[in-house]
Each structure stands twice: as C-alpha cells, then as structure tokens.
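Dropping entry_2.cif in here (mmCIF, C-alpha atoms):
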data_start
loop_
_atom_site.label_atom_id
_atom_site.label_comp_id
_atom_site.auth_asym_id
_atom_site.auth_seq_id
_atom_site.Cartn_x
_atom_site.Cartn_y
_atom_site.Cartn_z
CA MET N 1 -85.87 16.93 99.40
CA SER N 2 -87.10 19.20 96.67
CA PHE N 3 -89.58 18.30 93.99
CA VAL N 4 -88.33 18.85 90.46
CA LEU N 5 -90.07 19.41 87.18
CA PRO N 6 -89.65 16.02 85.46
CA GLU N 7 -88.27 15.91 81.93
CA LEU N 8 -90.80 15.99 79.16
CA PRO N 9 -90.79 12.50 77.50
CA TYR N 10 -90.33 14.07 74.03
CA PRO N 11 -89.12 17.36 72.55
CA LYS N 12 -91.45 20.34 72.87
CA ASP N 13 -92.35 20.14 69.18
CA GLY N 14 -92.91 16.39 69.43
CA LEU N 15 -96.71 16.58 69.50
CA ALA N 16 -97.03 19.18 66.74
CA PRO N 17 -99.15 19.99 64.85
CA HIS N 18 -101.79 18.49 67.16
CA ILE N 19 -100.43 20.20 70.26
CA SER N 20 -98.00 22.96 69.38
CA GLU N 21 -94.54 23.69 70.72
CA GLU N 22 -95.84 27.04 71.94
CA THR N 23 -98.49 25.28 74.03
CA LEU N 24 -95.88 23.01 75.59
CA ASP N 25 -93.60 25.99 76.25
CA PHE N 26 -96.33 27.49 78.41
CA HIS N 27 -98.16 24.42 79.65
CA TYR N 28 -94.98 22.59 80.71
CA GLY N 29 -92.56 25.48 81.03
CA ALA N 30 -94.87 27.85 82.93
CA HIS N 31 -97.96 26.14 84.36
CA HIS N 32 -96.45 22.80 85.41
CA LYS N 33 -93.22 24.50 86.50
CA THR N 34 -95.19 26.92 88.70
CA TYR N 35 -97.01 24.06 90.42
CA VAL N 36 -93.62 22.50 91.25
CA THR N 37 -92.22 25.79 92.54
CA ASN N 38 -95.34 26.47 94.62
CA LEU N 39 -95.31 22.95 96.05
CA ASN N 40 -91.69 23.27 97.15
CA ASN N 41 -92.40 26.61 98.80
CA LEU N 42 -95.46 25.26 100.58
CA VAL N 43 -93.87 22.06 101.96
CA LYS N 44 -90.54 23.57 103.03
CA GLY N 45 -90.07 23.24 106.75
CA THR N 46 -93.31 21.32 107.21
CA GLU N 47 -94.11 17.67 107.84
CA ASN N 48 -94.90 17.34 104.13
CA GLU N 49 -91.36 18.12 103.05
CA HIS N 50 -90.17 14.51 103.15
CA LYS N 51 -93.30 12.79 101.91
CA THR N 52 -93.63 11.43 98.40
CA ILE N 53 -95.92 13.35 96.11
CA GLU N 54 -98.54 10.60 96.30
CA GLU N 55 -98.43 10.73 100.10
CA ILE N 56 -98.90 14.48 100.04
CA ILE N 57 -101.85 14.17 97.66
CA LYS N 58 -103.52 11.55 99.85
CA THR N 59 -103.01 13.41 103.14
CA THR N 60 -103.55 17.11 102.42
CA THR N 61 -106.16 19.60 101.26
CA GLY N 62 -106.10 23.23 100.15
CA PRO N 63 -103.13 24.86 98.39
CA VAL N 64 -100.69 22.03 99.24
CA PHE N 65 -103.05 19.46 97.73
CA ASN N 66 -103.86 21.65 94.72
CA ASN N 67 -100.24 22.14 93.77
CA ALA N 68 -99.15 18.56 94.53
CA ALA N 69 -102.08 17.06 92.62
CA GLN N 70 -101.51 19.34 89.65
CA CYS N 71 -97.82 18.29 89.60
CA TRP N 72 -98.85 14.66 89.53
CA ASN N 73 -101.69 15.15 87.05
CA HIS N 74 -99.49 17.01 84.59
CA THR N 75 -96.70 14.43 84.68
CA PHE N 76 -99.30 11.73 84.06
CA TYR N 77 -100.72 13.83 81.20
CA TRP N 78 -97.36 14.25 79.42
CA HIS N 79 -96.97 10.47 79.46
CA SER N 80 -100.54 10.02 78.23
CA LEU N 81 -99.38 11.67 75.00
CA SER N 82 -96.70 10.60 72.54
CA PRO N 83 -95.31 11.61 69.15
CA ASN N 84 -95.80 7.92 68.26
CA GLY N 85 -99.31 7.83 69.67
CA GLY N 86 -102.70 7.92 68.07
CA GLY N 87 -104.66 5.32 66.18
CA ASP N 88 -106.79 2.73 67.92
CA ALA N 89 -106.08 1.16 71.28
CA ASP N 90 -104.14 -2.09 71.14
CA GLY N 91 -103.20 -5.05 73.31
CA ALA N 92 -104.90 -5.92 76.55
CA LEU N 93 -106.33 -2.42 76.77
CA ARG N 94 -108.17 -2.84 73.49
CA ASP N 95 -109.72 -6.07 74.72
CA ALA N 96 -110.79 -4.42 77.96
CA ILE N 97 -112.27 -1.43 76.10
CA ILE N 98 -114.32 -3.65 73.82
CA LYS N 99 -115.47 -5.67 76.81
CA ASN N 100 -116.65 -2.51 78.59
CA TRP N 101 -118.05 -0.46 75.71
CA GLY N 102 -118.72 -2.95 72.90
CA SER N 103 -116.43 -1.15 70.48
CA PHE N 104 -113.47 1.20 70.43
CA GLU N 105 -115.64 3.82 68.70
CA SER N 106 -118.20 3.75 71.50
CA PHE N 107 -115.50 4.23 74.09
CA LYS N 108 -113.91 7.06 72.10
CA ALA N 109 -117.26 8.83 71.71
CA GLU N 110 -118.02 8.56 75.41
CA PHE N 111 -114.58 9.77 76.48
CA SER N 112 -114.80 12.70 74.06
CA LYS N 113 -118.25 13.60 75.37
CA ALA N 114 -117.03 13.50 78.99
CA ALA N 115 -113.93 15.56 78.20
CA THR N 116 -115.84 18.16 76.17
CA GLY N 117 -118.70 18.36 78.65
CA GLN N 118 -116.68 18.87 81.84
CA PHE N 119 -117.82 22.25 83.19
CA GLY N 120 -114.93 24.54 84.00
CA SER N 121 -111.37 23.38 84.59
CA GLY N 122 -110.55 19.73 85.09
CA TRP N 123 -109.50 16.41 83.66
CA ALA N 124 -110.98 13.43 81.85
CA TRP N 125 -109.67 10.00 82.89
CA LEU N 126 -109.74 6.41 81.74
CA VAL N 127 -109.49 4.38 84.94
CA LEU N 128 -109.43 0.78 86.07
CA LYS N 129 -111.97 0.24 88.83
CA LYS N 130 -111.36 -1.98 91.82
CA ASP N 131 -113.77 -4.56 90.37
CA GLY N 132 -111.63 -4.88 87.25
CA THR N 133 -113.90 -2.93 84.91
CA LEU N 134 -112.82 0.18 83.04
CA ALA N 135 -114.56 3.52 83.47
CA ILE N 136 -114.43 7.07 82.17
CA THR N 137 -114.42 9.70 84.91
CA THR N 138 -113.90 13.43 85.10
CA THR N 139 -112.45 15.51 87.89
CA SER N 140 -112.68 19.20 88.62
CA ASN N 141 -109.69 21.54 88.98
CA ALA N 142 -106.83 19.59 90.64
CA ALA N 143 -108.82 16.56 91.76
CA THR N 144 -107.25 13.23 90.86
CA PRO N 145 -108.33 9.56 90.93
CA ILE N 146 -105.35 8.56 93.06
CA THR N 147 -107.27 9.70 96.11
CA THR N 148 -109.78 6.96 95.28
CA ASP N 149 -109.57 3.22 94.60
CA ASP N 150 -109.53 3.89 90.85
CA LYS N 151 -106.27 3.29 88.97
CA PRO N 152 -105.71 5.92 86.28
CA LEU N 153 -104.69 4.61 82.86
CA LEU N 154 -104.84 7.80 80.76
CA THR N 155 -105.75 11.44 81.23
CA CYS N 156 -106.70 14.45 79.13
CA ASP N 157 -106.24 17.94 80.59
CA VAL N 158 -109.29 20.13 79.85
CA TRP N 159 -108.22 23.28 81.67
CA GLU N 160 -108.41 26.04 79.05
CA HIS N 161 -104.63 26.53 79.21
CA ALA N 162 -104.24 23.05 77.69
CA TYR N 163 -105.83 24.10 74.40
CA TYR N 164 -106.41 27.84 74.21
CA ILE N 165 -103.27 28.69 72.20
CA ASP N 166 -104.00 26.04 69.55
CA TYR N 167 -107.78 25.81 69.51
CA ARG N 168 -109.09 28.87 71.36
CA ASN N 169 -112.57 28.03 72.71
CA ALA N 170 -112.96 24.91 70.53
CA ARG N 171 -112.35 22.25 73.16
CA ALA N 172 -113.91 19.57 70.94
CA LYS N 173 -111.23 20.18 68.28
CA TYR N 174 -108.54 19.79 70.94
CA ILE N 175 -110.07 16.45 71.98
CA ASP N 176 -109.90 15.36 68.31
CA ALA N 177 -106.20 16.27 68.41
CA PHE N 178 -105.78 14.34 71.67
CA TRP N 179 -106.79 11.16 69.83
CA GLU N 180 -103.96 11.76 67.34
CA VAL N 181 -101.30 11.65 70.07
CA VAL N 182 -102.84 9.47 72.77
CA ASN N 183 -100.23 7.07 74.17
CA TRP N 184 -101.76 3.58 74.23
CA LYS N 185 -98.40 2.07 75.24
CA PHE N 186 -98.50 4.06 78.50
CA ALA N 187 -102.10 3.06 79.11
CA ASN N 188 -101.24 -0.62 78.60
CA GLU N 189 -98.30 -0.29 81.00
CA ASN N 190 -100.60 1.20 83.64
CA LEU N 191 -103.15 -1.54 83.07
CA ALA N 192 -100.50 -4.24 83.51
CA LYS N 193 -99.13 -2.84 86.78
CA MET P 1 -133.49 39.31 83.77
CA ASN P 2 -132.98 43.00 83.22
CA PHE P 3 -129.51 44.32 82.83
CA VAL P 4 -129.63 48.04 82.60
CA GLY P 5 -126.44 49.58 81.35
CA ARG P 6 -125.48 53.06 80.40
CA ILE P 7 -123.76 53.15 77.06
CA ASN P 8 -121.54 56.02 76.12
CA LYS P 9 -120.99 55.51 72.45
CA SER P 10 -120.99 59.24 71.79
CA SER P 11 -121.24 62.22 74.10
CA ALA P 12 -124.81 61.28 74.96
CA GLY P 13 -125.41 58.36 77.28
CA GLN P 14 -128.10 55.91 76.40
CA LEU P 15 -130.04 53.68 78.68
CA MET P 16 -130.42 50.38 76.94
CA ASN P 17 -132.37 47.41 77.95
CA MET P 18 -129.88 44.61 77.80
CA VAL P 19 -132.42 41.89 78.18
CA GLY P 20 -132.10 38.64 76.42
CA LYS P 21 -135.52 38.14 74.99
CA ARG P 22 -137.44 35.07 75.98
CA SER P 23 -140.66 34.02 74.38
CA PHE P 24 -142.95 32.96 77.18
CA GLY P 25 -145.42 30.23 76.54
CA SER P 26 -143.62 28.90 73.51
CA VAL P 27 -141.51 25.74 73.38
CA SER P 28 -138.46 27.44 72.01
CA ASN P 29 -136.35 29.50 74.36
CA SER P 30 -134.61 32.45 72.85
CA TYR P 31 -132.22 34.20 75.17
CA THR P 32 -129.84 36.30 73.08
CA LEU P 33 -126.52 38.02 73.50
CA PRO P 34 -126.95 41.53 74.87
CA PRO P 35 -125.30 44.17 72.69
CA LEU P 36 -121.70 44.97 73.63
CA PRO P 37 -121.54 48.62 74.76
CA TYR P 38 -118.29 49.27 72.85
CA ASP P 39 -116.20 47.93 69.95
CA PHE P 40 -114.08 44.83 70.49
CA GLY P 41 -110.90 46.89 70.37
CA ALA P 42 -112.15 49.66 72.63
CA LEU P 43 -110.56 48.28 75.80
CA GLU P 44 -107.08 48.04 74.29
CA PRO P 45 -104.36 47.80 75.39
CA VAL P 46 -105.76 46.54 78.70
CA ILE P 47 -107.90 43.82 77.13
CA SER P 48 -107.10 43.00 73.53
CA GLY P 49 -109.64 43.08 70.72
CA ASP P 50 -108.85 39.40 70.01
CA ILE P 51 -109.82 38.42 73.53
CA MET P 52 -112.96 40.56 73.52
CA LYS P 53 -114.13 39.16 70.18
CA LEU P 54 -113.61 35.53 71.24
CA HIS P 55 -114.98 36.11 74.70
CA TYR P 56 -118.21 37.69 73.43
CA GLU P 57 -118.81 35.93 70.08
CA LYS P 58 -117.70 32.46 71.10
CA HIS P 59 -117.75 31.97 74.86
CA HIS P 60 -120.75 34.10 75.81
CA GLN P 61 -122.66 33.04 72.69
CA ALA P 62 -122.08 29.37 73.59
CA TYR P 63 -123.55 29.92 77.05
CA VAL P 64 -126.60 31.56 75.45
CA ASN P 65 -127.04 28.77 72.89
CA ASN P 66 -126.63 26.00 75.43
CA LEU P 67 -128.90 27.76 77.92
CA ASN P 68 -131.66 27.85 75.32
CA ILE P 69 -131.15 24.17 74.52
CA ALA P 70 -131.20 23.20 78.21
CA LEU P 71 -134.31 25.25 78.92
CA ASP P 72 -136.15 23.72 75.97
CA LYS P 73 -135.30 20.26 77.25
CA TYR P 74 -136.34 21.31 80.76
CA ALA P 75 -139.70 22.54 79.49
CA ALA P 76 -140.27 19.20 77.77
CA CYS P 77 -139.40 17.31 80.97
CA GLU P 78 -141.74 19.53 82.97
CA ALA P 79 -144.54 18.94 80.49
CA ALA P 80 -143.96 15.20 80.71
CA LYS P 81 -143.79 15.40 84.52
CA ASN P 82 -140.33 13.90 84.31
CA ILE P 83 -138.87 15.23 87.55
CA ALA P 84 -135.67 13.19 87.33
CA GLY P 85 -135.15 14.59 83.84
CA CYS P 86 -135.62 18.13 85.17
CA ILE P 87 -133.09 17.55 87.93
CA ALA P 88 -130.56 16.07 85.49
CA LEU P 89 -130.74 19.30 83.48
CA GLN P 90 -130.11 21.60 86.44
CA PRO P 91 -126.30 21.54 86.18
CA ALA P 92 -126.47 22.61 82.52
CA ILE P 93 -128.93 25.41 83.35
CA LYS P 94 -126.76 26.57 86.25
CA PHE P 95 -123.61 26.48 84.15
CA ASN P 96 -124.92 28.07 80.98
CA GLY P 97 -127.46 30.35 82.66
CA GLY P 98 -124.81 31.48 85.10
CA GLY P 99 -122.44 32.08 82.19
CA HIS P 100 -125.05 34.27 80.48
CA VAL P 101 -125.89 36.21 83.63
CA ASN P 102 -122.27 36.73 84.63
CA HIS P 103 -121.00 37.85 81.25
CA SER P 104 -123.98 40.16 80.69
CA ILE P 105 -123.03 41.99 83.89
CA PHE P 106 -119.32 41.90 83.04
CA TRP P 107 -119.62 43.75 79.72
CA THR P 108 -121.39 46.63 81.47
CA ASN P 109 -118.80 46.68 84.27
CA LEU P 110 -116.12 47.62 81.74
CA ALA P 111 -115.70 50.77 79.66
CA PRO P 112 -113.06 52.25 77.38
CA LYS P 113 -110.62 54.67 78.99
CA ASN P 114 -112.09 57.51 76.95
CA ALA P 115 -115.57 56.68 78.25
CA LYS P 116 -114.88 56.79 81.99
CA GLY P 117 -113.18 53.40 82.15
CA GLY P 118 -110.90 53.35 85.18
CA VAL P 119 -112.24 56.59 86.63
CA ALA P 120 -112.49 56.20 90.40
CA PRO P 121 -115.94 56.12 91.96
CA THR P 122 -117.42 59.07 93.79
CA GLY P 123 -120.51 59.49 95.93
CA PRO P 124 -122.12 56.85 98.18
CA LEU P 125 -120.23 53.92 96.63
CA ALA P 126 -116.89 55.62 97.17
CA ASP P 127 -117.88 56.40 100.75
CA ALA P 128 -118.83 52.79 101.39
CA ILE P 129 -115.56 51.50 99.89
CA ASN P 130 -113.47 53.91 101.93
CA GLN P 131 -115.43 53.20 105.08
CA GLN P 132 -115.22 49.42 104.76
CA TYR P 133 -111.81 48.92 103.14
CA GLY P 134 -109.88 52.09 103.99
CA SER P 135 -109.35 53.20 100.42
CA LEU P 136 -110.01 52.17 96.82
CA GLU P 137 -106.43 50.86 96.54
CA LYS P 138 -106.84 48.68 99.62
CA PHE P 139 -110.15 47.36 98.30
CA ILE P 140 -108.53 46.48 94.95
CA GLU P 141 -105.62 44.75 96.68
CA LYS P 142 -107.97 42.65 98.80
CA PHE P 143 -110.22 41.87 95.82
CA ASN P 144 -107.26 40.87 93.64
CA THR P 145 -105.72 38.64 96.31
CA LYS P 146 -108.97 36.74 96.82
CA THR P 147 -109.76 36.54 93.12
CA ALA P 148 -106.27 35.45 92.04
CA ALA P 149 -106.53 32.57 94.52
CA ILE P 150 -109.62 31.05 92.89
CA GLN P 151 -108.81 27.44 92.02
CA GLY P 152 -109.47 26.70 88.38
CA SER P 153 -112.20 28.80 86.78
CA GLY P 154 -114.44 31.35 88.46
CA TRP P 155 -115.31 34.95 89.18
CA GLY P 156 -114.42 37.57 91.76
CA TRP P 157 -117.37 39.73 92.81
CA LEU P 158 -118.00 42.96 94.58
CA GLY P 159 -121.47 42.41 95.96
CA TYR P 160 -123.98 44.11 98.19
CA CYS P 161 -125.63 42.39 101.10
CA ASN P 162 -129.13 43.75 101.59
CA GLU P 163 -129.36 42.37 105.11
CA SER P 164 -126.20 43.87 106.53
CA LYS P 165 -126.29 46.81 104.09
CA ARG P 166 -122.62 46.26 103.42
CA LEU P 167 -120.36 45.68 100.46
CA LEU P 168 -118.52 42.41 100.31
CA ILE P 169 -115.95 40.58 98.19
CA HIS P 170 -117.04 37.10 97.20
CA THR P 171 -115.68 34.51 94.82
CA CYS P 172 -117.68 31.95 92.87
CA ALA P 173 -116.51 28.81 91.10
CA ASN P 174 -117.04 28.12 87.42
CA GLN P 175 -120.14 30.01 86.23
CA ASP P 176 -122.02 29.86 89.52
CA PRO P 177 -123.91 33.15 89.67
CA LEU P 178 -123.76 35.34 92.76
CA THR P 179 -127.14 34.67 94.31
CA ASP P 180 -126.82 35.36 98.03
CA PHE P 181 -125.89 38.98 97.37
CA THR P 182 -126.55 41.56 94.68
CA PRO P 183 -123.75 41.51 92.12
CA LEU P 184 -122.22 44.93 91.49
CA LEU P 185 -118.90 44.19 89.77
CA GLY P 186 -117.65 40.88 88.46
CA ILE P 187 -114.17 40.05 87.20
CA ASP P 188 -113.90 36.90 85.09
CA VAL P 189 -110.82 34.81 85.89
CA TRP P 190 -111.52 31.91 83.60
CA GLU P 191 -108.33 31.47 81.59
CA HIS P 192 -110.18 32.48 78.42
CA ALA P 193 -110.56 35.98 79.89
CA TYR P 194 -106.82 36.65 79.79
CA TYR P 195 -104.82 33.78 78.33
CA LEU P 196 -104.03 35.25 74.91
CA GLN P 197 -102.45 38.29 76.58
CA SER P 198 -101.20 37.19 79.97
CA LYS P 199 -100.88 33.39 79.67
CA ASN P 200 -100.67 32.03 83.23
CA ALA P 201 -100.04 35.45 84.79
CA ARG P 202 -103.49 35.93 86.26
CA PRO P 203 -102.25 38.49 88.84
CA GLU P 204 -100.98 40.68 85.99
CA TYR P 205 -104.43 40.62 84.33
CA LEU P 206 -106.06 41.51 87.64
CA LYS P 207 -103.62 44.35 88.24
CA ASN P 208 -104.39 45.90 84.85
CA ILE P 209 -108.14 45.41 84.48
CA TRP P 210 -108.98 48.20 86.92
CA GLN P 211 -107.94 50.67 84.19
CA VAL P 212 -111.15 49.79 82.34
CA VAL P 213 -113.58 49.18 85.17
CA ASN P 214 -116.70 51.26 84.70
CA TRP P 215 -117.28 52.51 88.23
CA SER P 216 -120.25 54.53 86.97
CA ASN P 217 -122.06 51.30 86.18
CA VAL P 218 -121.01 49.75 89.47
CA ALA P 219 -122.35 52.82 91.31
CA GLU P 220 -125.68 52.57 89.45
CA ARG P 221 -126.00 48.92 90.46
CA TYR P 222 -125.14 49.88 94.04
CA ASP P 223 -127.85 52.57 94.06
CA GLN P 224 -130.40 50.10 92.65
CA ALA P 225 -129.40 47.45 95.16
CA ARG P 226 -129.81 49.76 98.13
CA LYS P 227 -133.34 50.63 97.03
CA LYS P 228 -134.44 47.00 97.29
CA LEU P 229 -136.22 46.15 100.50
#
Starting from the coordinates I provided, produce the structure as structure tokens.
Amino acid sequence: MSFVLPELPYPKDGLAPHISEETLDFHYGAHHKTYVTNLNNLVKGTENEHKTIEEIIKTTTGPVFNNAAQCWNHTFYWHSLSPNGGGDADGALRDAIIKNWGSFESFKAEFSKAATGQFGSGWAWLVLKKDGTLAITTTSNAATPITTDDKPLLTCDVWEHAYYIDYRNARAKYIDAFWEVVNWKFANENLAK
Amino acid sequence: MNFVGRINKSSAGQLMNMVGKRSFGSVSNSYTLPPLPYDFGALEPVISGDIMKLHYEKHHQAYVNNLNIALDKYAACEAAKNIAGCIALQPAIKFNGGGHVNHSIFWTNLAPKNAKGGVAPTGPLADAINQQYGSLEKFIEKFNTKTAAIQGSGWGWLGYCNESKRLLIHTCANQDPLTDFTPLLGIDVWEHAYYLQSKNARPEYLKNIWQVVNWSNVAERYDQARKKL
C-alpha cells in the first residue's frame, strides 16, 4: 500500500487572492508532495507499510512521524480552507464558540494571536476537548492533536512556506487572509462527528 | 554582547563594534540592528538582494524590536517582584534575544565573493578542520547533512568546545542560541533564509551558501574562543 497525495478540494487558484495559486503550486505540489514521497520511502518494507496514516502517527517518532504527521496536517489544512469560506462561523460551531469565548470576535482575536505568536514553524488549531469544550492550541513543527484526546476542527499552517510567497514576513496579514477562506462547513462536520 | 567583525568595504579592513546599544539603568531597552557589513545585493547570486533586505530589515529588526519590548516588560516584573511574570517572559526573551544574537553573528559569517567570501580557511582553523573531519569538503558535507535534517526552523552551527578544545557541529531549534559552546559559524535554515530563491530545496541553499562564507571571520572567532580559559 502506497500513500498518495490526495486531490486538492478546489482548483489551485481557488483561494486567490487570499492565498495565491503560486503558493498552492509549491505548498501542495512541492512541500506536501515531498512529505508523501518521503513517507512512502520510509515505510517501505517495514511494519509501518500497512498501517493507516493515523496509526503511523500514533505509534512512531522521528522522521517517520514527521512525514506522516505533516501529510495528515496538510490534508486537514486544505480542507480547513475553501473558495466559499470566510465570514463568521455558523451552525452548532458558532453556538459553541460563543459559549466558550463570549463572542465570535473574541475567539477570532485569540486564534489570531495564537497563530501569529507561535515561535518558529507549526500550526494553530481549533479543537474539541474531551470534556466537550472548545480550545485553541498550537503545535510545533509536525506535531498534531491527533496524538492527544483533542479532536481537531480546523487548522492554520504557520510554517513560513505557507505564507512567504504572498505575505513575506507578515504572518499577521496571512492570518487575516486565512479568515477570508476559512471553511466553517468543514469545522461543523468535524464537530458533528 | 560584543560582536566584533572585520568589514572590508574598501581595500582597508575596519574593525567595527557591532554592539547593539543598551542603556543600563533606564526603563527602556534599546538593542539595535548592527550595521550590515555589505550591501543587500553584495552576496548575489548566491543569496539574493531581496532575501537579504527582508532578512535584515524585517526579520532581524523584528527580533530586535520584540527583544526590547520583552526586556522592558521583564524589568517591570523584576521591579514589582513578580517572579511568575518574569518566568512567563522568558520564552519571548529566548526567542527574540536568540534571534538577535544569531543573526548578528550570521551577517559577519558571510562576505561577498570579491571580499574573501568563499575563500577556504588557512592556519589553525584549517588544521583543526582537516584533523577532525579529514578535509574542508568532508566537513561541509557533514555540516550540510545535519543542518538539512533540522525539523522546522533552526540553525546549523560550527562551534568550539572549550573543555575538549575541539570543533563540533551542532544544530539548534528555532532561535535557540548556541550556549554550551562558542559559536563560530551559523547557517540559518529558517525558510525565510532561502524561500524566495530555493523554495523547499533547502539542500540546494546549503550547497551554495559556502561560496559566501567568510572564513576569515570564522577563524577570528576561533582564535578568540581558544584564548578563553
């Protein structure tokens, strides 16, 4: 069994002008693709070859984990964005956000602060905790909430490669753009699972 | 922090004190960007002028600004005997202070090709490299392999261990400064250091950067390090 680069849920120019086609060419076509290639090379002929990607993530460390987790994280990220995204949260998610943060604006400000303030490479996540509350977390490098009890609902990639082509060093501007394409439908689906 | 670098802007070298000034005893911290020893475009085509300008004016400047902010807050917490507040600020000081330290060394570790950039070391440093690694090429290969493998953001370092009196290759994550050893040569492998030119091809960046490494500066640092007791 070989892992494959999953199809992007929209055309490469689908998130423009917020996230450019050029960024997706490299981010999806080079970075994500390389993680898939590396993962296949690393698991070939080993006990990991026939595991699911989630199983690999939960049972390995080092290069195998790094590549597997980055495969998973990036797929989750592409779905966290949509050409039809943006605006305020809706549905059950909106209710949960207001319950946890008092207002959508408060949540948005806190998520933006976490995403902008993450030192170095990593990810910002909206997660559902085991106790049913929502939380904003950040992870470093390839780390992912699926190794914990938290259920990820949305993610924002804050590795520099996610925004350098479009925003150079201005990560905060990229986070503003993230809000224009954030996929609340996906987040609601994850919440309902 | 004193970063002493030799600048070869013309035929005469100049020793310049690349210290960020700090006003002791005052509330406001004022570390500043050290002067860049060459023009932004001087390392072309190895490192583009666009990258150098962003790297220095935006990234390094941000570390300096945020270091000053964090240190001011730290001073206020100290004055108020707010230990928890001090501790909460330590990550920001480590990150931004490390960023300032690391980049200040980095600019001096590089030089244009027409100002000895890429010229192989001679003397005691060369002897140590040959003795420990076999040759300069073998050292570079080992350094590049280790540095390319850094997960996420970080730095590859050639350092000097005062205890063992040996050179070593060490990698650090994010902006963690090299503290256990004396830093001699640092190569930044944060994506911002190479993305505009090499995209995700970090090994290509590492292969090329040696054309502008200022071994003269590295040798000076090595000599200084060996003098320390």
Handout entry: Best match for closeness to chain P among N:Ser112, N:Thr34, N:Asn190, N:Thr133, counting all atoms listed in the file
Key =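 Nearest to chain P: N:Thr34.
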Completion exercise
In Å and to one decimal, CA of Phe178 (chain N) is distant from CA of Ala89 (chain N) by 13.2 Å
Exercise for the section: Extract, using all atoms listed in the file, all DNA, RNA and protein residues at most 7 Å from region 165-170 of chain N, discarding same-chain residues fewer than 3 positions from it, and format them as number ranges by chain. Expected result: N: 19-20, 23, 173-174; P: 58-59
Write the residues of the selection above to a file with C-alpha atoms, as a PDB file, in the frame of the given file.
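Result file again-v6.pdb:
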ATOM      1  CA  ILE N  19    -100.430  20.200  70.260  1.00  0.00           C
ATOM      2  CA  SER N  20     -98.000  22.960  69.380  1.00  0.00           C
ATOM      3  CA  THR N  23     -98.490  25.280  74.030  1.00  0.00           C
ATOM      4  CA  LYS N 173    -111.230  20.180  68.280  1.00  0.00           C
ATOM      5  CA  TYR N 174    -108.540  19.790  70.940  1.00  0.00           C
TER       6      TYR N 174
ATOM      7  CA  LYS P  58    -117.700  32.460  71.100  1.00  0.00           C
ATOM      8  CA  HIS P  59    -117.750  31.970  74.860  1.00  0.00           C
TER       9      HIS P  59
END
Handout entry: Selection result of the PyMOL selection byres ((chain P) within 10 of (chain N)) on this file, as a PyMOL selection string
Key = chain P and resi 51+54-55+58-59+62+91-92+95-96+149+151-154+173-175+190-192+195-196+199-201
Problem - Result set, the PyMOL selection byres ((chain N and resi 187) around 12) on current file, as number ranges by chain - result: N: 76-77, 79-82, 85, 89-94, 96-97, 125-128, 134, 151-155, 182-186, 188-193
Next, write the just-selected residues to a file, as an mmCIF file, in the coordinates of the input, keeping C-alpha atoms as the atom set.
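Saved as again.cif:
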data_model
loop_
_atom_site.group_PDB
_atom_site.id
_atom_site.type_symbol
_atom_site.label_atom_id
_atom_site.label_comp_id
_atom_site.auth_asym_id
_atom_site.auth_seq_id
_atom_site.Cartn_x
_atom_site.Cartn_y
_atom_site.Cartn_z
ATOM 1 C CA PHE N 76 -99.300 11.730 84.060
ATOM 2 C CA TYR N 77 -100.720 13.830 81.200
ATOM 3 C CA HIS N 79 -96.970 10.470 79.460
ATOM 4 C CA SER N 80 -100.540 10.020 78.230
ATOM 5 C CA LEU N 81 -99.380 11.670 75.000
ATOM 6 C CA SER N 82 -96.700 10.600 72.540
ATOM 7 C CA GLY N 85 -99.310 7.830 69.670
ATOM 8 C CA ALA N 89 -106.080 1.160 71.280
ATOM 9 C CA ASP N 90 -104.140 -2.090 71.140
ATOM 10 C CA GLY N 91 -103.200 -5.050 73.310
ATOM 11 C CA ALA N 92 -104.900 -5.920 76.550
ATOM 12 C CA LEU N 93 -106.330 -2.420 76.770
ATOM 13 C CA ARG N 94 -108.170 -2.840 73.490
ATOM 14 C CA ALA N 96 -110.790 -4.420 77.960
ATOM 15 C CA ILE N 97 -112.270 -1.430 76.100
ATOM 16 C CA TRP N 125 -109.670 10.000 82.890
ATOM 17 C CA LEU N 126 -109.740 6.410 81.740
ATOM 18 C CA VAL N 127 -109.490 4.380 84.940
ATOM 19 C CA LEU N 128 -109.430 0.780 86.070
ATOM 20 C CA LEU N 134 -112.820 0.180 83.040
ATOM 21 C CA LYS N 151 -106.270 3.290 88.970
ATOM 22 C CA PRO N 152 -105.710 5.920 86.280
ATOM 23 C CA LEU N 153 -104.690 4.610 82.860
ATOM 24 C CA LEU N 154 -104.840 7.800 80.760
ATOM 25 C CA THR N 155 -105.750 11.440 81.230
ATOM 26 C CA VAL N 182 -102.840 9.470 72.770
ATOM 27 C CA ASN N 183 -100.230 7.070 74.170
ATOM 28 C CA TRP N 184 -101.760 3.580 74.230
ATOM 29 C CA LYS N 185 -98.400 2.070 75.240
ATOM 30 C CA PHE N 186 -98.500 4.060 78.500
ATOM 31 C CA ASN N 188 -101.240 -0.620 78.600
ATOM 32 C CA GLU N 189 -98.300 -0.290 81.000
ATOM 33 C CA ASN N 190 -100.600 1.200 83.640
ATOM 34 C CA LEU N 191 -103.150 -1.540 83.070
ATOM 35 C CA ALA N 192 -100.500 -4.240 83.510
ATOM 36 C CA LYS N 193 -99.130 -2.840 86.780
#
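Every residue that the PyMOL selection byres ((chain N and resi 32) around 10) selects in this file is listed here: Leu5, Pro6, Leu24, Phe26, His27, Tyr28, Gly29, Ala30, His31, Lys33, Thr34, Tyr35, Val36, Thr37, Asn38, Asn67, Gln70, Cys71, Trp72, Asn73, His74 and Thr75 of chain N.
The protein and nucleic acid residues lying at most 8 Å from Phe181 (chain P) are Gly159, Tyr160, Cys161 and Asn162 of chain P, with all atoms listed in the file considered and sequence neighbours fewer than 6 positions away removed.
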Practice task
Grab the CA of Ala143 (chain N) to CA of Ala115 (chain N) distance for me, in Å with one decimal place.
Solution key: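 The value is 14.5 Å.
The spacing separating CA of Cys172 (chain P) from CA of Trp157 (chain P) amounts to 7.8 Å.
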Handout entry: Contacts of Ala111 (chain P) within 12 Å, all atoms listed in the file, excl. fewer than 6 positions in-chain, as a VMD selection string
Key = chain P and resid 5 to 9 36 to 44 46 to 47 117 to 119 209 to 218
Exercise for the section: Rank nothing, just name the residue among P:Thr32, P:Asn102, P:Ser48, P:Thr122 nearest to Tyr205 (chain P), using all atoms listed in the file. Expected result: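 Of P:Thr32, P:Asn102, P:Ser48, P:Thr122, the one nearest Tyr205 (chain P), counting all atoms listed in the file, is P:Ser48.
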Handout entry: Of the listed residues P:Ala225, P:Asp180, P:Ile140, P:Gly156, that which approaches Lys207 (chain P) most closely, counting all atoms listed in the file
Key = P:Ile140
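Minimum atom-to-atom distances from N:Ala135, N:Asp150, N:Asp25, N:Ser106 to Asp13 (chain N) were compared using all atoms listed in the file, and the lowest value belongs to N:Asp25.
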Practice task
List every protein, DNA or RNA residue that has an atom no more than 12 Å from (-125.1, 36.8, 85.0) in the file's coordinate frame, counting all atoms listed in the file, and report them as a PyMOL selection string.
Solution key: chain P and resi 1-3+18-20+33-34+60+63-64+94-109+155+157+172+175-179+182-188
Box along x, y and z, 5 Å on every side, all listed atoms of region 58-73 of chain N inside: centre and edge lengths in Å to one decimal, as lines of an AutoDock Vina configuration file.
center_x = -102.0
center_y = 18.2
center_z = 95.1
size_x = 18.3
size_y = 23.3
size_z = 26.1
